[in-house]
Amino acid sequence: MSKDTKTPKDTHYANLRRAVRDQKRERGELPPAPAFKRKGPVDKKPALPGGDVVWLYGIHTVRAALDNPARKILSLKATKNALAKLEIADAEAQPFPVEIVSPQDIDKLLGEDAIHQGVLLETRPLPVRKLDSLKDKPLILVLDQVTDPHNVGAILRSAVAFDAAAVVTTERHSPAESGVMAKSASGALELIPYIQITNLADALEELHRLGFETIGLDSEGPQPLEQTFSKDKVALVLGAEGKGLRQKTRSTCTSLARLDMPGAIKSLNVSNAAAISLYAARTHLLK
């Protein structure tokens, strides 16, 4: 049989792989697919942005993006009601194209499950930031393969609330900048650097050179987090739910610590653990 001959089984598994890949893109775990023109009938699936384009939606998310001087805006689609909530009185006076649309027009692009509140902003991704930009900062958060963009968005909100300087994560097995993550962050993505690095162990070593102590949160940590702090520059390291920190990450951290919970439930969602850890770190730094 020729190499180019596909069996029904080959086609079935190819379709499964494509479906999984598309779902990951929609969740923000993979970069958007490059834009291209389809031949034949129009696909009924929600459209995806292509190349270096990000779609943001939701009133708070879009307002924060519009207020961020580092964000390059390409275009805005909004209902008349959403424009009023965004406090945009004159659509034609904006420095980017503004299109008045219906909620159903945005549904066709994002899908009916997206809570877009009548607004869709097309932008470029935020500028890339480097770890050495954090050398004078006292508190950062590091994520070890936390894949859910909803969790990462909630973590970004907590990081901004406790005045962390950045959220650092890996390029692989972590969500890329996306509408889902930005909506969950409710504007926080525009207020704190989201730095994606290639190798987490190397990044932790660089943070050590910059003067940070790196504390990995682990349920089996030798002592409570509040008794672990020893420096005035802290990088908190949290792992994915379920598997926690990877072994290489654990061995690279300056120390491991636990969150003591006296109640019947002994584990927390990673975004909740991040908020409690940030509060403990901020309390230490204020002493």
# chains A, B, ... in the order shown; residues from 1 in each chain; ligands from 1
>>> residues_around(residues="A:His116", least_positions_apart="3", cutoff="10 Å", atoms="only C-alpha atoms", output="PDB file with N, CA, C and O atoms, in the first residue's frame")
ATOM      1  N   LEU A  56      -9.549  39.910  22.831  1.00  0.00           N
ATOM      2  CA  LEU A  56      -9.939  40.130  24.215  1.00  0.00           C
ATOM      3  C   LEU A  56     -11.411  40.500  24.258  1.00  0.00           C
ATOM      4  O   LEU A  56     -11.903  41.186  23.361  1.00  0.00           O
ATOM      5  N   TYR A  57     -12.098  40.062  25.300  1.00  0.00           N
ATOM      6  CA  TYR A  57     -13.522  40.365  25.399  1.00  0.00           C
ATOM      7  C   TYR A  57     -13.932  40.520  26.858  1.00  0.00           C
ATOM      8  O   TYR A  57     -13.211  40.118  27.778  1.00  0.00           O
ATOM      9  N   GLY A  58     -15.099  41.128  27.071  1.00  0.00           N
ATOM     10  CA  GLY A  58     -15.559  41.449  28.413  1.00  0.00           C
ATOM     11  C   GLY A  58     -15.250  42.913  28.729  1.00  0.00           C
ATOM     12  O   GLY A  58     -14.190  43.427  28.380  1.00  0.00           O
ATOM     13  N   ILE A  59     -16.190  43.604  29.392  1.00  0.00           N
ATOM     14  CA  ILE A  59     -16.067  45.044  29.624  1.00  0.00           C
ATOM     15  C   ILE A  59     -14.803  45.384  30.412  1.00  0.00           C
ATOM     16  O   ILE A  59     -14.016  46.250  30.003  1.00  0.00           O
ATOM     17  N   THR A  61     -12.085  43.640  30.990  1.00  0.00           N
ATOM     18  CA  THR A  61     -10.876  43.232  30.270  1.00  0.00           C
ATOM     19  C   THR A  61     -10.526  44.225  29.166  1.00  0.00           C
ATOM     20  O   THR A  61      -9.380  44.664  29.040  1.00  0.00           O
ATOM     21  N   VAL A  62     -11.518  44.585  28.376  1.00  0.00           N
ATOM     22  CA  VAL A  62     -11.283  45.493  27.248  1.00  0.00           C
ATOM     23  C   VAL A  62     -10.959  46.902  27.737  1.00  0.00           C
ATOM     24  O   VAL A  62     -10.064  47.567  27.203  1.00  0.00           O
ATOM     25  N   ALA A  78     -18.156  46.294  18.950  1.00  0.00           N
ATOM     26  CA  ALA A  78     -18.935  46.460  20.172  1.00  0.00           C
ATOM     27  C   ALA A  78     -20.373  46.832  19.846  1.00  0.00           C
ATOM     28  O   ALA A  78     -20.663  47.428  18.806  1.00  0.00           O
ATOM     29  N   ALA A  82     -22.437  48.366  24.910  1.00  0.00           N
ATOM     30  CA  ALA A  82     -21.078  48.111  25.399  1.00  0.00           C
ATOM     31  C   ALA A  82     -20.201  49.355  25.253  1.00  0.00           C
ATOM     32  O   ALA A  82     -19.384  49.647  26.126  1.00  0.00           O
ATOM     33  N   PRO A 103     -24.768  41.505  19.485  1.00  0.00           N
ATOM     34  CA  PRO A 103     -24.170  40.418  20.283  1.00  0.00           C
ATOM     35  C   PRO A 103     -24.008  39.131  19.472  1.00  0.00           C
ATOM     36  O   PRO A 103     -23.027  38.398  19.653  1.00  0.00           O
ATOM     37  N   ILE A 106     -20.765  38.847  17.518  1.00  0.00           N
ATOM     38  CA  ILE A 106     -19.604  38.432  18.311  1.00  0.00           C
ATOM     39  C   ILE A 106     -19.711  36.959  18.668  1.00  0.00           C
ATOM     40  O   ILE A 106     -18.702  36.243  18.716  1.00  0.00           O
ATOM     41  N   ASP A 107     -20.946  36.481  18.910  1.00  0.00           N
ATOM     42  CA  ASP A 107     -21.147  35.052  19.164  1.00  0.00           C
ATOM     43  C   ASP A 107     -20.581  34.208  18.029  1.00  0.00           C
ATOM     44  O   ASP A 107     -19.991  33.145  18.253  1.00  0.00           O
ATOM     45  N   LEU A 110     -16.703  34.179  18.607  1.00  0.00           N
ATOM     46  CA  LEU A 110     -16.172  33.593  19.841  1.00  0.00           C
ATOM     47  C   LEU A 110     -16.866  32.304  20.252  1.00  0.00           C
ATOM     48  O   LEU A 110     -16.326  31.532  21.050  1.00  0.00           O
ATOM     49  N   GLY A 111     -18.066  32.080  19.736  1.00  0.00           N
ATOM     50  CA  GLY A 111     -18.866  30.971  20.217  1.00  0.00           C
ATOM     51  C   GLY A 111     -19.854  31.473  21.259  1.00  0.00           C
ATOM     52  O   GLY A 111     -19.619  32.477  21.931  1.00  0.00           O
ATOM     53  N   GLU A 112     -20.955  30.776  21.416  1.00  0.00           N
ATOM     54  CA  GLU A 112     -22.021  31.244  22.286  1.00  0.00           C
ATOM     55  C   GLU A 112     -21.675  31.122  23.771  1.00  0.00           C
ATOM     56  O   GLU A 112     -22.353  31.724  24.617  1.00  0.00           O
ATOM     57  N   ASP A 113     -20.649  30.349  24.122  1.00  0.00           N
ATOM     58  CA  ASP A 113     -20.309  30.160  25.534  1.00  0.00           C
ATOM     59  C   ASP A 113     -19.472  31.308  26.098  1.00  0.00           C
ATOM     60  O   ASP A 113     -19.359  31.451  27.315  1.00  0.00           O
ATOM     61  N   VAL A 119     -18.612  43.018  23.513  1.00  0.00           N
ATOM     62  CA  VAL A 119     -17.401  43.723  23.086  1.00  0.00           C
ATOM     63  C   VAL A 119     -16.294  42.721  22.749  1.00  0.00           C
ATOM     64  O   VAL A 119     -16.096  41.724  23.443  1.00  0.00           O
ATOM     65  N   LEU A 120     -15.588  42.993  21.651  1.00  0.00           N
ATOM     66  CA  LEU A 120     -14.469  42.170  21.211  1.00  0.00           C
ATOM     67  C   LEU A 120     -13.364  43.092  20.706  1.00  0.00           C
ATOM     68  O   LEU A 120     -13.578  43.889  19.781  1.00  0.00           O
ATOM     69  N   GLY A 179      -7.968  35.385  25.204  1.00  0.00           N
ATOM     70  CA  GLY A 179      -9.179  35.994  25.705  1.00  0.00           C
ATOM     71  C   GLY A 179      -9.700  35.301  26.953  1.00  0.00           C
ATOM     72  O   GLY A 179     -10.200  35.948  27.876  1.00  0.00           O
ATOM     73  N   LYS A 183     -10.024  37.325  30.358  1.00  0.00           N
ATOM     74  CA  LYS A 183     -11.359  37.490  30.950  1.00  0.00           C
ATOM     75  C   LYS A 183     -11.345  37.023  32.400  1.00  0.00           C
ATOM     76  O   LYS A 183     -11.926  37.678  33.285  1.00  0.00           O
TER      77      LYS A 183
END
>>> closest_atom_pairs(of="stretch 155-213 of chain A", to="stretch 238-255 of chain A", cutoff="7 Å", atoms="only C-alpha atoms", output="tab-separated table")
residue	atom	partner	partner_atom	distance
A:Ala201	CA	A:Thr249	CA	5.9
A:Leu204	CA	A:Thr252	CA	6.9
A:Glu213	CA	A:Thr254	CA	5.8
>>> write_last_selection(atoms="N, CA, C and O atoms", output="PDB file, in the first residue's frame")
ATOM      1  N   ALA A 201      13.919  25.501  35.424  1.00  0.00           N
ATOM      2  CA  ALA A 201      15.062  25.343  36.330  1.00  0.00           C
ATOM      3  C   ALA A 201      16.109  26.425  36.065  1.00  0.00           C
ATOM      4  O   ALA A 201      16.667  27.011  37.001  1.00  0.00           O
ATOM      5  N   LEU A 204      14.868  29.677  37.516  1.00  0.00           N
ATOM      6  CA  LEU A 204      15.032  29.738  38.972  1.00  0.00           C
ATOM      7  C   LEU A 204      16.475  30.061  39.344  1.00  0.00           C
ATOM      8  O   LEU A 204      16.736  30.845  40.261  1.00  0.00           O
ATOM      9  N   GLU A 213      15.147  34.416  46.979  1.00  0.00           N
ATOM     10  CA  GLU A 213      14.992  33.068  47.503  1.00  0.00           C
ATOM     11  C   GLU A 213      13.754  32.495  46.822  1.00  0.00           C
ATOM     12  O   GLU A 213      12.728  33.177  46.686  1.00  0.00           O
TER      13      GLU A 213
END
>>> residues_around(residues="A:Val128", least_positions_apart="3", cutoff="12 Å", atoms="only C-alpha atoms", output="PyMOL selection string")
chain A and resi 70-71+124-125+131+133+168+177+192-197
>>> closest_residue(among="A:Ile115, A:Ile100, A:Ala185, A:Ala235", to="A:Ala165", atoms="only C-alpha atoms")
A:Ala235
>>> residues_around(residues="stretch 147-152 of chain A", least_positions_apart="5", cutoff="6 Å", atoms="only C-alpha atoms", output="list in words")
His173, Ser174, Pro175, Met181, Ser184 and Ser271 of chain A
>>> closest_residue(among="A:Ala154, A:Met261, A:Leu66, A:Leu285", to="A:Phe96", atoms="only C-alpha atoms")
A:Leu66
>>> select_by_dssp(residues="stretch 121-252 of chain A", states="strand (DSSP E)", output="ChimeraX atom specification")
/A:121-123,139-144,167-170,194-197,213-217,234-239
>>> atom_distance(atom1="atom CA of A:Ile88", atom2="atom CA of A:Val53")
22.8 Å
>>> select_by_dssp(residues="stretch 64-223 of chain A", states="helix (DSSP H, G or I)", output="PyMOL selection string")
chain A and resi 64-67+80-85+91-93+103-110+131-134+149-161+179-185+188-190+200-209
>>> atom_distance(atom1="atom CA of A:Leu256", atom2="atom CA of A:Gly216")
4.7 Å
>>> atom_distance(atom1="atom CA of A:Gly153", atom2="atom CA of A:Val180")
8.1 Å
>>> closest_residue(among="A:Val160, A:Leu217, A:Leu259, A:Leu74", to="A:Val142", atoms="only C-alpha atoms")
A:Leu217
>>> closest_residue(among="A:Lys287, A:Arg157, A:Lys137, A:Arg209", to="A:Leu191", atoms="only C-alpha atoms")
A:Arg157
>>> decode(residues="stretch 60-160 of chain A", atoms="C-alpha atoms", output="compact mmCIF listing (two decimals), in the first residue's frame")
# COMPACT_ATOMS: atom_id res chain seq x y z
CA HIS A 60 -13.44 45.09 32.39
CA THR A 61 -10.88 43.23 30.27
CA VAL A 62 -11.28 45.49 27.25
CA ARG A 63 -11.38 48.73 29.28
CA ALA A 64 -8.09 47.73 30.97
CA ALA A 65 -6.53 46.93 27.59
CA LEU A 66 -7.63 50.28 26.15
CA ASP A 67 -6.06 52.03 29.16
CA ASN A 68 -2.76 50.16 28.80
CA PRO A 69 -0.26 52.23 26.76
CA ALA A 70 1.77 49.08 26.08
CA ARG A 71 -1.16 47.40 24.33
CA LYS A 72 -1.33 47.89 20.53
CA ILE A 73 -4.98 48.00 19.51
CA LEU A 74 -6.00 46.84 16.03
CA SER A 75 -9.79 47.15 16.07
CA LEU A 76 -12.86 47.09 18.28
CA LYS A 77 -16.24 45.45 17.70
CA ALA A 78 -18.94 46.46 20.17
CA THR A 79 -22.64 46.94 20.67
CA LYS A 80 -23.94 50.46 21.34
CA ASN A 81 -24.63 49.47 24.96
CA ALA A 82 -21.08 48.11 25.40
CA LEU A 83 -19.58 51.33 23.98
CA ALA A 84 -21.49 53.29 26.60
CA LYS A 85 -20.17 51.02 29.37
CA LEU A 86 -16.64 51.50 27.98
CA GLU A 87 -17.26 55.26 28.10
CA ILE A 88 -16.58 55.64 24.39
CA ALA A 89 -18.88 58.45 23.28
CA ASP A 90 -17.47 59.00 19.80
CA ALA A 91 -16.51 55.78 17.99
CA GLU A 92 -15.14 57.67 14.96
CA ALA A 93 -12.72 59.66 17.14
CA GLN A 94 -10.82 56.57 18.27
CA PRO A 95 -7.29 55.93 16.89
CA PHE A 96 -8.37 52.46 15.70
CA PRO A 97 -11.35 51.15 13.70
CA VAL A 98 -14.57 50.72 15.71
CA GLU A 99 -17.45 48.64 14.32
CA ILE A 100 -20.94 48.69 15.82
CA VAL A 101 -22.23 45.12 15.90
CA SER A 102 -24.90 42.96 17.50
CA PRO A 103 -24.17 40.42 20.28
CA GLN A 104 -24.90 37.67 17.76
CA ASP A 105 -22.11 38.96 15.50
CA ILE A 106 -19.60 38.43 18.31
CA ASP A 107 -21.15 35.05 19.16
CA LYS A 108 -20.31 33.92 15.65
CA LEU A 109 -16.64 34.73 16.24
CA LEU A 110 -16.17 33.59 19.84
CA GLY A 111 -18.87 30.97 20.22
CA GLU A 112 -22.02 31.24 22.29
CA ASP A 113 -20.31 30.16 25.53
CA ALA A 114 -18.01 33.20 25.71
CA ILE A 115 -19.31 35.87 28.11
CA HIS A 116 -18.22 38.79 25.95
CA GLN A 117 -20.72 41.42 27.22
CA GLY A 118 -21.03 42.80 23.69
CA VAL A 119 -17.40 43.72 23.09
CA LEU A 120 -14.47 42.17 21.21
CA LEU A 121 -11.05 43.82 20.98
CA GLU A 122 -8.44 42.74 18.43
CA THR A 123 -4.88 43.48 19.62
CA ARG A 124 -1.25 42.52 19.37
CA PRO A 125 0.20 40.46 22.24
CA LEU A 126 1.85 42.44 25.01
CA PRO A 127 5.60 43.12 24.69
CA VAL A 128 7.92 40.36 25.89
CA ARG A 129 9.55 41.01 29.29
CA LYS A 130 12.80 39.50 30.60
CA LEU A 131 13.64 38.17 34.06
CA ASP A 132 16.41 40.72 34.59
CA SER A 133 13.73 43.44 34.59
CA LEU A 134 12.73 42.06 38.01
CA LYS A 135 16.10 42.53 39.73
CA ASP A 136 14.88 45.41 41.91
CA LYS A 137 11.50 43.85 42.77
CA PRO A 138 10.76 42.15 46.11
CA LEU A 139 8.02 39.65 45.20
CA ILE A 140 7.20 37.50 42.18
CA LEU A 141 5.17 34.39 41.48
CA VAL A 142 6.42 31.40 39.46
CA LEU A 143 4.10 28.72 38.02
CA ASP A 144 5.28 25.22 37.16
CA GLN A 145 3.05 23.99 34.31
CA VAL A 146 -0.27 25.37 35.55
CA THR A 147 -2.26 24.74 32.37
CA ASP A 148 -5.79 26.02 33.04
CA PRO A 149 -6.16 29.61 31.72
CA HIS A 150 -8.99 30.25 34.20
CA ASN A 151 -6.66 29.42 37.10
CA VAL A 152 -3.85 31.50 35.64
CA GLY A 153 -6.23 34.42 35.17
CA ALA A 154 -7.33 34.20 38.81
CA ILE A 155 -3.67 34.00 39.88
CA LEU A 156 -2.89 37.16 37.90
CA ARG A 157 -5.65 38.98 39.79
CA SER A 158 -4.23 37.87 43.16
CA ALA A 159 -0.71 38.80 42.07
CA VAL A 160 -1.85 42.33 41.22
